[in-house]
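Below is one structure, written out as structure tokens, with a few remarks after it.
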Amino acid sequence: MSKKILDVQGVTVSFDGFKVLDDLDFSIDYGELRFLIGPNGAGKTTLLDIITGKTRPTNGKIAFDKHHNVNRVPEQNRVHYGIGRKFQTPSIFASLTVFQNLEAAIGFRSGTGRLLQTLPTEQKDKIHEVLTLIGLYGESNKRAGTLSHGQKQWLEIGMILIQEPKLMLLDEPVAGMSRAERDRTGELLQKIGENRSVLVVEHDMVFVRQFATTVTVLHQGKLLCEGPVQDVQSDPRVVEVYLGRGH
């Protein structure tokens with residue numbers, strides 16, 4: 001059995017003749033926490049788009065889990081395959097409580113898309129487990145709109161977690177957070193990564209140095225460099241195109 005949960009092979013994405021991703025090969029293993037960095041326009045968000053099915057590649061193949069090629073699989077079906085994505089801006093239900101947000105997220109996975117009339121004990125236990133993991137157990141009856149920015153980010157991570165994804169894609173999860181919130185988020189990501197694969201797009205190099213093991217660097221739609229964070233940050237190519245720009 002392959003160690004790779006995701007294998008992007010020779011993928012090109014072109015918009016009006018401009019190659020956003022250029023014959024890109026990229027993979028991530030089962031149970032791996034991977035960080036993805038690179039300058040603006042490197043193709044990081046587009047890579048997440050082609051993994052989730054939001055964008056279809058011009059060329060190339062995407063293999064996920066036991067599915068050899070998911071290129072033509074619709075976005076919503078990939079969610080059911082086990083791909084969960086968090087965007088940079090938290091997408092939560094501000095008028096619902098923290099608990100109700102997680103309850104609604106269970107509905108997304110089951111296909112009901114609504115709050116259940118009576119929640120089975122097993123699902124209540126799952127919500128309590130996720131609340132504890134994301135550090136919001138004591139806030140479960142608060143309206144989500146009253147949470148701090150960091151807490152909203154953790155809640156959305158919880159809403160993805162409760163759908164039990166095999167691969168989580170997180171786009172700049174610590175943007176706008178205090179340093180203490182960032183540290184707590186890094187610890188959360190490490191815990192999450194014990195049971196599933198996690199791909200994190202991040203610009204905060206202090207955060208990356210603190211919590212990353214393996215880092216992939218994209219530049220102009222190509223894989224520039226990949227390896228342990230210590231090696232990547234000292235690579236002359238990375239320093240020139242990325243770290244030399246104030247990072």
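A note on labels: chains of the structure tokens are A, B, ... as shown, every chain counts residues from 1, and ligands are counted from 1 in their shown order.
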
| range 81-96 of chain A environment, 7 Å, only C-alpha atoms, sequence neighbours closer than 3 positions dropped, as an MDAnalysis selection string | chainID A and resid 52 77:78 100:101 143:145 152:153 156:157 160 165:173

For the residues in that selection, give me N, CA and C atoms as a compact mmCIF listing (two decimals), in the first residue's frame.
# COMPACT_ATOMS: atom_id res chain seq x y z
N THR A 52 -9.17 20.14 -3.79
CA THR A 52 -10.57 20.07 -3.36
C THR A 52 -11.55 19.95 -4.52
N ASN A 77 -18.22 15.78 -3.61
CA ASN A 77 -17.91 14.35 -3.45
C ASN A 77 -16.55 14.16 -2.79
N ARG A 78 -15.63 15.09 -3.04
CA ARG A 78 -14.30 14.97 -2.43
C ARG A 78 -14.39 15.18 -0.91
N GLN A 100 -23.91 24.37 18.66
CA GLN A 100 -24.79 24.24 17.50
C GLN A 100 -24.01 24.30 16.18
N ASN A 101 -22.91 25.06 16.16
CA ASN A 101 -22.06 25.09 14.97
C ASN A 101 -21.50 23.70 14.68
N ARG A 143 -22.70 32.31 21.92
CA ARG A 143 -22.93 32.55 20.49
C ARG A 143 -21.57 32.68 19.80
N ALA A 144 -21.43 32.03 18.66
CA ALA A 144 -20.14 32.00 17.97
C ALA A 144 -19.66 33.39 17.58
N GLY A 145 -20.62 34.29 17.31
CA GLY A 145 -20.24 35.65 16.91
C GLY A 145 -19.56 36.44 18.00
N LYS A 152 -12.70 31.79 16.97
CA LYS A 152 -13.48 31.52 15.76
C LYS A 152 -12.70 30.60 14.82
N GLN A 153 -11.39 30.84 14.73
CA GLN A 153 -10.56 29.97 13.89
C GLN A 153 -10.57 28.55 14.43
N GLU A 156 -13.87 26.82 13.64
CA GLU A 156 -13.98 26.32 12.27
C GLU A 156 -13.13 25.08 12.06
N ILE A 157 -11.96 25.03 12.68
CA ILE A 157 -11.14 23.82 12.62
C ILE A 157 -11.93 22.65 13.21
N ILE A 160 -14.54 21.29 10.85
CA ILE A 160 -13.98 20.39 9.84
C ILE A 160 -13.63 19.05 10.48
N PRO A 165 -12.25 14.21 8.50
CA PRO A 165 -11.51 14.15 7.24
C PRO A 165 -10.24 13.31 7.37
N LYS A 166 -9.80 12.75 6.26
CA LYS A 166 -8.52 12.05 6.23
C LYS A 166 -7.39 13.04 5.95
N LEU A 167 -7.73 14.12 5.23
CA LEU A 167 -6.77 15.17 4.90
C LEU A 167 -7.40 16.52 5.19
N MET A 168 -6.73 17.34 6.00
CA MET A 168 -7.20 18.70 6.29
C MET A 168 -6.30 19.71 5.59
N LEU A 169 -6.90 20.66 4.89
CA LEU A 169 -6.19 21.73 4.21
C LEU A 169 -6.50 23.04 4.93
N LEU A 170 -5.48 23.70 5.45
CA LEU A 170 -5.68 24.91 6.24
C LEU A 170 -4.92 26.07 5.60
N ASP A 171 -5.64 27.13 5.25
CA ASP A 171 -5.06 28.28 4.57
C ASP A 171 -4.82 29.40 5.58
N GLU A 172 -3.56 29.61 5.92
CA GLU A 172 -3.13 30.66 6.86
C GLU A 172 -3.97 30.66 8.14
N PRO A 173 -3.95 29.57 8.90
CA PRO A 173 -4.81 29.46 10.08
C PRO A 173 -4.48 30.42 11.21

Report as an mmCIF file with N, CA, C and O atoms, in the first residue's frame all protein, DNA and RNA residues lying within 12 Å of Glu202 in chain A, evaluated on only C-alpha atoms, omitting residues in the same chain fewer than 3 positions from it.
data_model
loop_
_atom_site.group_PDB
_atom_site.id
_atom_site.type_symbol
_atom_site.label_atom_id
_atom_site.label_comp_id
_atom_site.auth_asym_id
_atom_site.auth_seq_id
_atom_site.Cartn_x
_atom_site.Cartn_y
_atom_site.Cartn_z
ATOM 1 N N ARG A 34 2.300 18.766 7.091
ATOM 2 C CA ARG A 34 3.186 19.415 6.123
ATOM 3 C C ARG A 34 2.860 20.905 6.036
ATOM 4 O O ARG A 34 1.690 21.292 6.012
ATOM 5 N N PHE A 35 3.896 21.726 5.954
ATOM 6 C CA PHE A 35 3.715 23.164 5.765
ATOM 7 C C PHE A 35 4.090 23.535 4.336
ATOM 8 O O PHE A 35 5.055 23.002 3.780
ATOM 9 N N LEU A 36 3.296 24.440 3.754
ATOM 10 C CA LEU A 36 3.502 24.893 2.375
ATOM 11 C C LEU A 36 3.718 26.399 2.396
ATOM 12 O O LEU A 36 2.867 27.145 2.885
ATOM 13 N N ILE A 37 4.885 26.838 1.898
ATOM 14 C CA ILE A 37 5.195 28.273 1.892
ATOM 15 C C ILE A 37 5.597 28.701 0.477
ATOM 16 O O ILE A 37 5.790 27.874 -0.412
ATOM 17 N N GLY A 38 5.731 30.001 0.308
ATOM 18 C CA GLY A 38 6.141 30.557 -0.972
ATOM 19 C C GLY A 38 5.622 31.970 -1.119
ATOM 20 O O GLY A 38 4.664 32.363 -0.440
ATOM 21 N N PRO A 39 6.238 32.776 -1.992
ATOM 22 C CA PRO A 39 5.795 34.159 -2.187
ATOM 23 C C PRO A 39 4.395 34.226 -2.766
ATOM 24 O O PRO A 39 3.869 33.235 -3.276
ATOM 25 N N ASN A 40 3.771 35.393 -2.690
ATOM 26 C CA ASN A 40 2.456 35.590 -3.302
ATOM 27 C C ASN A 40 2.533 35.262 -4.791
ATOM 28 O O ASN A 40 3.492 35.636 -5.468
ATOM 29 N N LYS A 44 0.084 28.518 -4.277
ATOM 30 C CA LYS A 44 -0.313 27.768 -3.071
ATOM 31 C C LYS A 44 -1.829 27.567 -2.992
ATOM 32 O O LYS A 44 -2.309 26.447 -2.794
ATOM 33 N N THR A 45 -2.595 28.646 -3.135
ATOM 34 C CA THR A 45 -4.057 28.544 -3.058
ATOM 35 C C THR A 45 -4.602 27.729 -4.218
ATOM 36 O O THR A 45 -5.552 26.944 -4.048
ATOM 37 N N PHE A 87 -10.672 27.908 4.956
ATOM 38 C CA PHE A 87 -10.171 29.107 4.294
ATOM 39 C C PHE A 87 -9.605 30.064 5.341
ATOM 40 O O PHE A 87 -9.765 29.876 6.545
ATOM 41 N N GLN A 88 -8.954 31.124 4.868
ATOM 42 C CA GLN A 88 -8.294 32.056 5.779
ATOM 43 C C GLN A 88 -9.297 32.774 6.686
ATOM 44 O O GLN A 88 -9.073 32.927 7.881
ATOM 45 N N LEU A 169 -6.902 20.661 4.889
ATOM 46 C CA LEU A 169 -6.189 21.731 4.210
ATOM 47 C C LEU A 169 -6.497 23.037 4.934
ATOM 48 O O LEU A 169 -7.657 23.437 5.014
ATOM 49 N N LEU A 170 -5.477 23.700 5.454
ATOM 50 C CA LEU A 170 -5.679 24.913 6.244
ATOM 51 C C LEU A 170 -4.920 26.068 5.603
ATOM 52 O O LEU A 170 -3.699 26.006 5.440
ATOM 53 N N ASP A 171 -5.645 27.125 5.249
ATOM 54 C CA ASP A 171 -5.063 28.276 4.567
ATOM 55 C C ASP A 171 -4.817 29.398 5.576
ATOM 56 O O ASP A 171 -5.756 30.031 6.055
ATOM 57 N N GLU A 172 -3.557 29.614 5.916
ATOM 58 C CA GLU A 172 -3.128 30.663 6.859
ATOM 59 C C GLU A 172 -3.966 30.658 8.143
ATOM 60 O O GLU A 172 -4.618 31.663 8.467
ATOM 61 N N PRO A 173 -3.952 29.573 8.897
ATOM 62 C CA PRO A 173 -4.814 29.464 10.075
ATOM 63 C C PRO A 173 -4.477 30.418 11.215
ATOM 64 O O PRO A 173 -5.313 30.657 12.075
ATOM 65 N N VAL A 174 -3.253 30.984 11.236
ATOM 66 C CA VAL A 174 -2.904 31.869 12.362
ATOM 67 C C VAL A 174 -2.903 33.349 11.980
ATOM 68 O O VAL A 174 -2.508 34.192 12.782
ATOM 69 N N ALA A 175 -3.381 33.676 10.778
ATOM 70 C CA ALA A 175 -3.431 35.082 10.360
ATOM 71 C C ALA A 175 -4.291 35.897 11.325
ATOM 72 O O ALA A 175 -5.405 35.505 11.659
ATOM 73 N N ARG A 182 -1.341 31.910 18.432
ATOM 74 C CA ARG A 182 -0.599 31.166 17.403
ATOM 75 C C ARG A 182 0.066 29.928 17.999
ATOM 76 O O ARG A 182 0.046 28.855 17.400
ATOM 77 N N GLY A 186 -0.627 26.107 16.938
ATOM 78 C CA GLY A 186 0.425 25.171 16.521
ATOM 79 C C GLY A 186 0.350 23.866 17.288
ATOM 80 O O GLY A 186 0.486 22.776 16.708
ATOM 81 N N LEU A 199 -2.251 19.639 5.751
ATOM 82 C CA LEU A 199 -1.443 20.516 4.899
ATOM 83 C C LEU A 199 -1.762 21.957 5.269
ATOM 84 O O LEU A 199 -2.912 22.381 5.179
ATOM 85 N N MET A 205 6.709 32.922 9.244
ATOM 86 C CA MET A 205 7.871 32.050 9.302
ATOM 87 C C MET A 205 8.291 31.720 10.728
ATOM 88 O O MET A 205 8.896 30.675 10.969
ATOM 89 N N VAL A 206 7.987 32.579 11.680
ATOM 90 C CA VAL A 206 8.261 32.242 13.084
ATOM 91 C C VAL A 206 7.431 31.019 13.470
ATOM 92 O O VAL A 206 7.928 30.070 14.095
ATOM 93 N N PHE A 207 6.163 31.033 13.067
ATOM 94 C CA PHE A 207 5.251 29.916 13.319
ATOM 95 C C PHE A 207 5.737 28.650 12.603
ATOM 96 O O PHE A 207 5.751 27.557 13.187
ATOM 97 N N VAL A 208 6.147 28.797 11.351
ATOM 98 C CA VAL A 208 6.629 27.657 10.567
ATOM 99 C C VAL A 208 7.861 27.042 11.224
ATOM 100 O O VAL A 208 7.954 25.819 11.400
ATOM 101 N N ARG A 209 8.810 27.885 11.615
ATOM 102 C CA ARG A 209 10.038 27.368 12.240
ATOM 103 C C ARG A 209 9.742 26.644 13.544
ATOM 104 O O ARG A 209 10.417 25.688 13.909
ATOM 105 N N PHE A 211 6.814 25.056 14.443
ATOM 106 C CA PHE A 211 5.934 23.885 14.432
ATOM 107 C C PHE A 211 6.094 22.951 13.238
ATOM 108 O O PHE A 211 5.555 21.848 13.247
ATOM 109 N N ALA A 212 6.827 23.366 12.212
ATOM 110 C CA ALA A 212 6.955 22.524 11.016
ATOM 111 C C ALA A 212 8.065 21.491 11.180
ATOM 112 O O ALA A 212 9.061 21.739 11.859
ATOM 113 N N VAL A 215 8.790 21.011 5.128
ATOM 114 C CA VAL A 215 8.266 22.208 4.467
ATOM 115 C C VAL A 215 8.433 22.064 2.961
ATOM 116 O O VAL A 215 9.473 21.610 2.471
ATOM 117 N N THR A 216 7.385 22.438 2.219
ATOM 118 C CA THR A 216 7.438 22.506 0.760
ATOM 119 C C THR A 216 7.385 23.963 0.347
ATOM 120 O O THR A 216 6.562 24.725 0.856
ATOM 121 N N VAL A 217 8.261 24.360 -0.576
ATOM 122 C CA VAL A 217 8.293 25.745 -1.062
ATOM 123 C C VAL A 217 7.882 25.769 -2.534
ATOM 124 O O VAL A 217 8.484 25.076 -3.364
ATOM 125 N N LEU A 218 6.854 26.549 -2.843
ATOM 126 C CA LEU A 218 6.446 26.748 -4.235
ATOM 127 C C LEU A 218 6.949 28.100 -4.724
ATOM 128 O O LEU A 218 7.016 29.068 -3.960
ATOM 129 N N HIS A 247 10.841 38.119 5.383
ATOM 130 C CA HIS A 247 10.355 37.015 6.206
ATOM 131 C C HIS A 247 11.474 36.602 7.147
ATOM 132 O O HIS A 247 11.804 35.506 7.330
#

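In this comparison, which uses only C-alpha atoms, the residue of A:Gln233, A:Thr12, A:Ser148, A:Thr118 approaching Gln220 in chain A most closely is A:Thr12.
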
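The spacing separating CA of Gly17 in chain A from CA of Pro57 in chain A amounts to 13.1 Å.
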
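Straight-line separation from CA of Val200 in chain A to CA of Asp25 in chain A: 17.3 Å.
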
| note | The residue from A:Asp204, A:Glu103, A:Asp231, A:Asp23 with the smallest atom-to-atom distance to Leu155 in chain A, counting only C-alpha atoms, is A:Glu103

| task | Please give the complete set of residues from range 34-238 of chain A that DSSP, run on the backbone, assigns to alpha helix (DSSP H), formatted as a ChimeraX atom specification. | result | /A:44-52,75-81,98-110,121-133,149-161,179-192,205-211,229-234,236-238

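Atom pair CA of Gln76 in chain A / CA of Thr132 in chain A has a distance of 28.1 Å (rounded to one decimal).
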
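Comparing the minimum interatomic distances between Gly135 in chain A and each of A:His149, A:Leu188, A:Pro120, A:Arg196, counting only C-alpha atoms, we find that A:Leu188 sits nearest.
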
| request: Pull the strand (DSSP E or B) assignments for range 41-247 of chain A out of DSSP run on the backbone, and list those residues as a PyMOL selection string. | output: chain A and resi 59-64+67+83-86+97+143+167-171+197-201+214-219+222-228

| said: Between A:Glu32, A:Gln210, A:Lys19, A:Ala63, which residue has the minimum interatomic distance to Lys191 in chain A, considering only C-alpha atoms? | reply: A:Glu32

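Closest approach to Glu164 in chain A among A:Gln151, A:Ser178, A:Lys126, A:Phe26: A:Lys126, based on only C-alpha atoms.
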